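Accompanying notes for the structure given below.
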Amino acid sequence: MANTAVVYFSGYGHTQRLAQQVADGADAQLIAIDAEGNIGEADWAALDAADAIIMGAPTYMGTVSWQFKKFADARLQS
């Protein structure tokens with residue numbers, strides 16, 4: 001079975017509820033991006049070990065939230 005992770009940011013809880021349902025259906029680990037756009041080192045390790053990563057973020061003005069963008073850019077810079 002694939003090792004799957006769901007990583008998400010939720011400003012008001014709507015995306016969190018969707019991410020939880022997806023994680024339950026996929027038997028995946030759920031990883032929340034905090035209000036500052038960060039996740040912990042253990043979460044980065046879980047993403048590195050995952051066979052599949054499902055991402056979720058709210059959209060504002062046609063793009064993802066700044067917290068999700070910061071998370072996505074963090075891996076590119078390391």
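Chains: A, B, ... in order of the structure tokens. Residues: from 1 per chain. Ligands: from 1, in order shown.
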### Message
Would you pick out the contacts of region 54-71 of chain A at 7 Å or less, using only C-alpha atoms, so that residues sharing its chain but fewer than 4 positions from it are not included, and give the list as a ChimeraX atom specification?
### Response
/A:5-10,15,19,35-38
### Task
Mind the document's chain letters and residue numbers, and return as a PyMOL selection string the residues of chain A that DSSP labels strand (DSSP E or B).
chain A and resi 4-8+29-32+52-56+59-60+63-64
### Message
Residues within 9 Å of region 43-47 of chain A, please, as a ChimeraX atom specification. Count only C-alpha atoms; anything in the same chain fewer than 3 positions from it doesn't count.
### Response
/A:4-7,29,31-32,39-40,50-53,75
### Task
Between CA of Met1 (chain A) and CA of Asp48 (chain A), measure the distance and give it in Å to one decimal.
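Going from CA of Met1 (chain A) over to CA of Asp48 (chain A), I get 16.6 Å.
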